[in-house]
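Containing mmCIF, C-alpha atoms: run.cif.
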```cif
data_target
#
loop_
_atom_site.label_atom_id
_atom_site.label_comp_id
_atom_site.auth_asym_id
_atom_site.auth_seq_id
_atom_site.Cartn_x
_atom_site.Cartn_y
_atom_site.Cartn_z
CA MET I 6 16.34 -4.81 29.12
CA ASP I 7 13.60 -4.18 31.66
CA PHE I 8 9.91 -4.05 30.74
CA ALA I 9 9.64 -0.24 30.64
CA ILE I 10 12.54 0.12 28.20
CA PHE I 11 11.16 -2.76 26.12
CA LEU I 12 7.76 -1.04 25.94
CA VAL I 13 9.31 2.28 24.91
CA GLN I 14 11.35 0.64 22.16
CA LEU I 15 8.34 -1.36 20.98
CA LEU I 16 6.25 1.81 20.72
CA ASN I 17 9.12 3.57 18.93
CA GLY I 18 9.42 0.67 16.50
CA LEU I 19 5.71 0.57 15.75
CA GLN I 20 5.55 4.35 15.29
CA TYR I 21 8.58 4.26 12.98
CA GLY I 22 7.09 1.35 11.06
CA LEU I 23 3.78 3.14 10.57
CA LEU I 24 5.62 6.22 9.30
CA LEU I 25 7.57 3.99 6.89
CA PHE I 26 4.27 2.56 5.66
CA LEU I 27 2.97 6.04 4.90
CA ILE I 28 5.95 6.60 2.60
CA ALA I 29 6.17 3.07 1.20
CA SER I 30 2.44 2.87 0.43
CA GLY I 31 2.81 5.64 -2.15
CA LEU I 32 5.90 3.99 -3.60
CA THR I 33 4.29 0.56 -3.93
CA LEU I 34 1.03 2.06 -5.22
CA VAL I 35 2.82 3.91 -8.03
CA PHE I 36 4.90 0.87 -8.96
CA GLY I 37 2.08 -1.64 -8.64
CA VAL I 38 -0.50 0.33 -10.62
CA MET I 39 1.63 2.34 -13.03
CA GLY I 40 4.77 0.21 -13.27
CA ILE I 41 6.88 3.30 -12.53
CA LEU I 42 10.08 2.85 -10.53
CA ASN I 43 10.25 6.26 -8.84
CA LEU I 44 13.63 6.77 -7.20
CA ALA I 45 12.68 10.39 -6.44
CA HIS I 46 9.96 9.26 -4.03
CA GLY I 47 12.18 9.98 -1.03
CA SER I 48 12.59 13.56 -2.25
CA MET I 49 8.85 14.02 -1.77
CA TYR I 50 9.33 13.13 1.91
CA MET I 51 12.00 15.83 2.09
CA VAL I 52 9.76 18.33 0.29
CA GLY I 53 6.96 17.74 2.81
CA ALA I 54 9.30 18.42 5.74
CA TYR I 55 10.68 21.63 4.23
CA LEU I 56 7.25 22.87 3.19
CA VAL I 57 5.77 22.47 6.67
CA TRP I 58 8.80 24.25 8.15
CA TYR I 59 8.41 27.12 5.69
CA PHE I 60 4.68 27.61 6.21
CA PHE I 61 5.05 27.24 9.97
CA GLN I 62 7.40 30.23 9.89
CA LEU I 63 4.68 32.22 8.10
CA THR I 64 1.60 31.10 10.02
CA ASP I 65 2.85 29.77 13.37
CA GLN I 66 0.09 27.13 13.00
CA PHE I 67 1.21 23.54 12.53
CA LEU I 68 -2.16 22.16 11.40
CA LEU I 69 -2.67 24.89 8.80
CA SER I 70 0.92 24.45 7.60
CA ALA I 71 0.41 20.69 7.32
CA LEU I 72 -2.77 21.08 5.26
CA ILE I 73 -1.17 23.61 2.91
CA SER I 74 1.90 21.38 2.50
CA ALA I 75 -0.19 18.30 1.71
CA ALA I 76 -2.26 20.22 -0.85
CA LEU I 77 0.85 21.61 -2.54
CA ALA I 78 2.42 18.14 -2.58
CA LEU I 79 -0.65 16.75 -4.33
CA GLY I 80 -0.42 19.53 -6.90
CA LEU I 81 3.30 18.90 -7.33
CA GLY I 82 2.65 15.21 -7.92
CA VAL I 83 0.04 15.99 -10.58
CA LEU I 84 2.43 18.45 -12.27
CA ILE I 85 5.31 15.94 -12.29
CA GLU I 86 3.11 13.20 -13.72
CA LYS I 87 1.69 15.46 -16.44
CA THR I 88 5.04 16.87 -17.51
CA LEU I 89 7.53 14.03 -16.96
CA ILE I 90 6.23 10.69 -15.71
CA HIS I 91 3.59 10.17 -18.41
CA ARG I 92 6.43 9.92 -20.95
CA LEU I 93 7.74 6.79 -19.23
CA TYR I 94 4.75 4.46 -19.39
CA LYS I 95 5.98 2.66 -22.48
CA ARG I 96 9.67 2.97 -21.64
CA ASN I 97 11.82 0.47 -19.78
CA HIS I 98 12.85 0.67 -16.13
CA LEU I 99 16.31 2.01 -17.01
CA ASP I 100 14.74 5.15 -18.48
CA GLN I 101 12.59 5.49 -15.37
CA VAL I 102 15.65 5.17 -13.14
CA LEU I 103 17.62 7.76 -15.12
CA LEU I 104 14.81 10.33 -15.08
CA THR I 105 13.91 9.92 -11.42
CA ILE I 106 17.57 10.02 -10.32
CA GLY I 107 17.83 13.29 -12.23
CA MET I 108 14.78 14.52 -10.30
CA ILE I 109 16.61 13.79 -7.03
CA PHE I 110 19.45 16.13 -8.04
CA VAL I 111 16.97 18.80 -9.12
CA PHE I 112 15.01 18.69 -5.85
CA ASN I 113 18.20 18.70 -3.77
CA ALA I 114 19.49 21.73 -5.68
CA LEU I 115 16.17 23.57 -5.32
CA GLN I 116 16.10 22.79 -1.61
CA SER I 117 19.60 24.23 -1.20
CA ILE I 118 18.70 27.38 -3.16
CA LEU I 119 15.39 28.00 -1.38
CA TRP I 120 16.18 27.00 2.20
CA GLY I 121 19.93 26.59 2.53
CA ASP I 122 21.91 23.68 3.92
CA ASP I 123 21.61 24.28 7.67
CA PRO I 124 19.55 21.83 9.75
CA LEU I 125 16.05 23.11 10.50
CA GLY I 126 13.41 22.12 13.03
CA VAL I 127 9.68 22.40 13.62
CA PRO I 128 8.42 22.53 17.24
CA VAL I 129 5.93 19.95 18.42
CA PRO I 130 2.40 21.44 18.42
CA GLU I 131 1.60 22.73 21.90
CA LEU I 132 -1.55 20.62 22.18
CA LEU I 133 0.51 17.46 21.60
CA SER I 134 3.65 18.47 23.47
CA GLY I 135 2.99 16.50 26.65
CA SER I 136 3.85 12.96 27.71
CA ILE I 137 1.98 10.04 29.21
CA HIS I 138 3.29 7.82 32.00
CA LEU I 139 4.07 4.25 30.95
CA THR I 140 5.39 3.54 34.45
CA GLU I 141 6.11 5.73 37.45
CA LEU I 142 9.51 6.63 36.02
CA VAL I 143 9.05 6.32 32.26
CA GLU I 144 7.11 8.73 30.05
CA TYR I 145 6.28 8.61 26.35
CA PRO I 146 5.65 11.63 24.08
CA VAL I 147 2.04 12.23 23.13
CA TYR I 148 3.09 13.47 19.69
CA ARG I 149 4.61 10.10 18.78
CA LEU I 150 1.37 8.38 19.74
CA PHE I 151 -0.51 10.93 17.62
CA VAL I 152 1.71 10.17 14.62
CA ALA I 153 1.13 6.44 15.04
CA ALA I 154 -2.64 6.93 15.32
CA LEU I 155 -2.71 9.23 12.27
CA CYS I 156 -0.74 6.72 10.20
CA LEU I 157 -3.11 3.94 11.26
CA LEU I 158 -6.08 6.12 10.30
CA LEU I 159 -4.58 6.86 6.88
CA ALA I 160 -3.75 3.17 6.39
CA GLY I 161 -7.36 2.27 7.11
CA ALA I 162 -8.61 4.98 4.75
CA LEU I 163 -6.28 3.77 2.01
CA TYR I 164 -7.50 0.20 2.48
CA LEU I 165 -11.13 1.30 2.21
CA VAL I 166 -10.47 3.39 -0.89
CA ILE I 167 -8.58 0.60 -2.66
CA ASN I 168 -10.96 -2.21 -1.71
CA ARG I 169 -14.39 -0.62 -1.16
CA THR I 170 -14.81 2.22 -3.68
CA ARG I 171 -15.34 2.54 -7.42
CA ILE I 172 -12.08 4.39 -7.91
CA GLY I 173 -10.30 1.66 -5.95
CA MET I 174 -11.85 -0.92 -8.25
CA LEU I 175 -10.55 1.02 -11.27
CA ILE I 176 -7.08 1.26 -9.70
CA ARG I 177 -6.99 -2.50 -9.13
CA ALA I 178 -8.29 -3.13 -12.63
CA GLY I 179 -5.71 -0.78 -14.12
CA GLU I 180 -3.01 -2.67 -12.27
CA SER I 181 -4.16 -5.98 -13.75
CA ASN I 182 -4.97 -4.95 -17.33
CA ARG I 183 -4.58 -1.34 -18.48
CA GLU I 184 -5.74 -2.04 -22.04
CA MET I 185 -9.00 -3.66 -20.93
CA VAL I 186 -9.79 -0.75 -18.61
CA GLU I 187 -9.24 1.66 -21.48
CA CYS I 188 -11.56 -0.41 -23.69
CA LEU I 189 -14.29 0.00 -21.06
CA GLY I 190 -14.16 3.77 -21.51
CA VAL I 191 -12.09 4.69 -18.45
CA ASN I 192 -9.61 7.55 -18.88
CA ILE I 193 -6.57 5.65 -17.68
CA ASN I 194 -4.33 8.72 -17.99
CA GLN I 195 -6.43 10.65 -15.48
CA LEU I 196 -6.42 7.62 -13.20
CA TYR I 197 -2.63 7.40 -13.35
CA THR I 198 -2.34 11.14 -12.63
CA LEU I 199 -4.50 10.68 -9.53
CA VAL I 200 -2.49 7.68 -8.33
CA PHE I 201 0.86 9.42 -8.77
CA GLY I 202 -0.39 12.60 -7.11
CA ALA I 203 -1.72 10.58 -4.16
CA GLY I 204 1.60 8.74 -3.86
CA VAL I 205 3.53 12.01 -3.73
CA MET I 206 1.09 13.44 -1.17
CA LEU I 207 1.47 10.40 1.11
CA ALA I 208 5.27 10.68 1.07
CA ALA I 209 5.13 14.43 1.69
CA LEU I 210 2.62 13.95 4.50
CA ALA I 211 5.06 11.55 6.16
CA GLY I 212 7.68 14.30 6.00
CA VAL I 213 5.18 16.77 7.45
CA VAL I 214 4.34 14.68 10.52
CA ALA I 215 7.95 13.58 10.99
CA ALA I 216 9.28 17.16 10.96
CA PRO I 217 8.70 17.86 14.70
CA MET I 218 10.55 14.63 15.61
CA ILE I 219 13.66 14.95 13.42
CA SER I 220 16.15 17.45 12.06
CA ILE I 221 15.20 18.66 8.59
CA VAL I 222 18.42 18.32 6.59
CA PRO I 223 19.46 18.22 2.93
CA GLY I 224 19.31 14.78 1.35
CA MET I 225 17.08 13.37 4.07
CA GLY I 226 14.94 11.65 1.45
CA GLU I 227 17.66 9.33 0.13
CA HIS I 228 18.11 7.34 3.34
CA VAL I 229 14.40 6.84 3.89
CA LEU I 230 13.99 5.83 0.22
CA ILE I 231 16.40 2.91 0.66
CA THR I 232 14.53 1.72 3.74
CA CYS I 233 11.21 2.04 1.94
CA PHE I 234 12.46 -0.05 -0.96
CA VAL I 235 13.37 -2.72 1.58
CA VAL I 236 9.80 -2.50 2.90
CA VAL I 237 8.32 -2.78 -0.60
CA VAL I 238 10.51 -5.75 -1.53
CA ILE I 239 9.78 -7.60 1.72
CA GLY I 240 6.06 -6.93 1.49
CA GLY I 241 5.77 -7.82 -2.19
CA MET I 242 5.98 -5.39 -5.09
CA GLY I 243 2.66 -3.63 -5.52
CA SER I 244 0.99 -4.98 -2.37
CA ILE I 245 -0.41 -2.39 0.04
CA LYS I 246 -1.10 -5.10 2.65
CA GLY I 247 2.45 -6.34 2.23
CA ALA I 248 3.85 -2.83 2.65
CA PHE I 249 1.91 -2.43 5.91
CA VAL I 250 3.10 -5.72 7.41
CA ALA I 251 6.67 -5.25 6.19
CA ALA I 252 6.87 -1.65 7.43
CA LEU I 253 5.88 -2.69 10.96
CA LEU I 254 8.35 -5.58 10.83
CA VAL I 255 11.20 -3.40 9.60
CA GLY I 256 10.37 -0.62 12.05
CA VAL I 257 10.39 -2.90 15.10
CA VAL I 258 13.46 -4.90 14.00
CA ASP I 259 15.48 -1.78 13.15
CA THR I 260 14.57 -0.06 16.44
CA PHE I 261 15.51 -3.02 18.62
CA ALA I 262 18.66 -3.68 16.59
CA SER I 263 19.79 -0.09 17.22
CA VAL I 264 19.56 -0.76 20.97
CA LEU I 265 20.73 -4.37 21.20
CA VAL I 266 23.40 -4.55 18.47
CA PRO I 267 24.28 -0.94 17.62
CA GLY I 268 27.50 -1.90 15.83
CA VAL I 269 25.73 -3.85 13.10
CA SER I 270 22.22 -2.44 13.34
CA SER I 271 22.40 -0.89 9.85
CA MET I 272 22.81 -4.39 8.39
CA ILE I 273 19.96 -6.10 10.22
CA VAL I 274 17.07 -5.00 7.96
CA TYR I 275 19.00 -6.13 4.87
CA ILE I 276 19.70 -9.49 6.46
CA LEU I 277 15.99 -9.70 7.29
CA MET I 278 15.14 -8.93 3.67
CA ALA I 279 17.56 -11.58 2.39
CA VAL I 280 16.13 -14.24 4.71
CA ILE I 281 12.53 -13.47 3.74
CA LEU I 282 13.36 -13.49 0.02
CA LEU I 283 15.09 -16.84 0.39
CA ILE I 284 11.87 -18.25 1.83
CA LYS I 285 9.40 -16.25 -0.31
CA PRO I 286 11.11 -14.76 -3.39
CA GLU I 287 7.99 -12.79 -4.32
CA GLY I 288 7.78 -11.17 -0.88
CA LEU I 289 5.26 -11.75 1.90
CA PHE I 290 2.26 -10.92 -0.32
CA SER I 291 1.72 -10.75 -4.03
CA SER I 292 0.38 -7.58 -5.62
CA GLN I 293 -3.06 -9.17 -5.82
CA LYS I 294 -3.38 -9.58 -2.05
#
```
Any chance you could put this one into structure tokens?
Amino acid sequence: MDFAIFLVQLLNGLQYGLLLFLIASGLTLVFGVMGILNLAHGSMYMVGAYLVWYFFQLTDQFLLSALISAALALGLGVLIEKTLIHRLYKRNHLDQVLLTIGMIFVFNALQSILWGDDPLGVPVPELLSGSIHLTELVEYPVYRLFVAALCLLLAGALYLVINRTRIGMLIRAGESNREMVECLGVNINQLYTLVFGAGVMLAALAGVVAAPMISIVPGMGEHVLITCFVVVVIGGMGSIKGAFVAALLVGVVDTFASVLVPGVSSMIVYILMAVILLIKPEGLFSSQK
């Protein structure tokens, strides 16, 4: 592997890892703060991709379509939490699994009814459709760099919100001791609604920005959900920092494995997870880090 190909694959791995973090951050936030095991989280990624495709057909403006899709995803998350998820807070994880698996079937059926089963695509925005030269012979798409930069920006914003704001303080306190936060006069139900809505919006936003790079197909959320669970487990359940580090690690390892050992590449991230858990059973970071 020469240097140019190595650089391309490294950039691909980092961009993929950052996109995984955008999805996994919502998953680990919901589990870490609310204790909800949401197996329908990948469906939110699918919803984001289909929504941006739909609104792009209406407006022919990717940015406007992305903003509308993100806003609708936030509203959808709030609606789901208010009508379904809030019933699970005092139930065991088996009940959570059963309900959220049922949600997967519902979202897949709705997707098929509304948009059909044919693969769909969203064109790369014209402003970001070019490439930059890595070497004289090798180019790299500007849009992929934009996605990586956007994910980094959102990761930084999430870090600041969680660690430097009052609402972040309440989220961390609610994660540690819900009853004590309630005794201090905080409406924990509203806080949980906000957290779940934000988690859904992050997953949908990942689907939005990924749409110009992939085929939008039925069931696309299930595969990415499995990978995101690997990220969450490696990083440490409930740890945003852990999700970030693990997502980059999984993204780079999976990308290089697909090139170097294509026959067994699908196994590599699971082997990586097993090795890390043998060394650190709680993951790279605890939920308090």
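The residue set within 12 Å of Ala9 of chain I, counting all atoms listed in the file and dropping same-chain residues fewer than 6 places from it, reads Leu15, Leu16, His138, Leu139, Thr140, Glu141, Leu142, Val143, Glu144 and Tyr145 of chain I.
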* For the file shown, report as an MDAnalysis selection string the outcome of the PyMOL selection byres ((chain I and resi 219) around 12) at residue level. => chainID I and resid 21 51 54:55 58 124:129 149 211:218 220:222 225
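For the file shown, the residue list from the PyMOL selection byres ((chain I and resi 158-171) around 10) reads Leu23, Phe26, Leu27, Ser30, Val152, Ala153, Ala154, Leu155, Cys156, Leu157, Ile172, Gly173, Met174, Leu175, Ile176, Arg177, Leu207, Ile245, Lys246 and Phe249 of chain I.
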* To do: Name the residues captured by the PyMOL selection byres ((chain I and resi 88-96) around 9) when it is applied to the shown file; answer as a count of residues only.
  => 19
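Computed from the coordinates, the atom CA of Ala178 of chain I to atom CA of Pro286 of chain I distance equals 24.4 Å.
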* To do: Take atom CA of Ala262 of chain I and atom CA of Glu227 of chain I and report the distance between them in Å, one decimal.
  => 21.0 Å
Could you build a table of the residues in segment 193-235 of chain I lying no more than 12 Å from segment 269-280 of chain I, giving for each the nearest pair of atoms and their separation in Å rounded to one decimal place, using all atoms listed in the file, ordered by chain and ascending residue number, as a tab-separated table?
```
residue	atom	partner	partner_atom	distance
I:His228	CA	I:Ser271	CA	11.3
I:Ile231	CA	I:Tyr275	CA	10.3
I:Thr232	CA	I:Val274	CA	8.3
I:Cys233	CA	I:Val274	CA	11.0
I:Phe234	CA	I:Met278	CA	10.4
I:Val235	CA	I:Met278	CA	6.8
```
* **Nearest residue to Val258 of chain I from the set I:Gly22, I:Pro146, I:Gly53, I:Gly107 (distances using only C-alpha atoms)** => I:Gly22
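Distances here use only C-alpha atoms; by that measure, the residue among I:Leu150, I:Ile106, I:Val255, I:Leu189 closest to Ala29 of chain I is I:Val255.
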* Structure fact -> Students should find that atom CA of Leu32 of chain I and atom CA of Val111 of chain I are spaced 19.3 Å
* Selection: 6 Å around Leu133 of chain I, all atoms listed in the file, excl. self and same-chain fewer than 3 positions, as a PyMOL selection string -> chain I and resi 130+147-148
Suppose we keep C-alpha atoms; can you now write the selection as a PDB file, in the frame of the given file?
```
ATOM      1  CA  PRO I 130       2.400  21.440  18.420  1.00  0.00           C
ATOM      2  CA  VAL I 147       2.040  12.230  23.130  1.00  0.00           C
ATOM      3  CA  TYR I 148       3.090  13.470  19.690  1.00  0.00           C
TER       4      TYR I 148
END
```
* To do: Counting all atoms listed in the file, select every polymer residue within 7 Å of (0.0, 14.5, -2.2) as defined in the file's coordinates, and provide the selection as a ChimeraX atom specification.
  => /I:75-76,78-80,82,202-207,209
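With all atoms listed in the file as the basis for measurement, I:Val38 is the residue among I:Val38, I:Leu12, I:Ala208, I:Leu19 that approaches Leu196 of chain I most closely.
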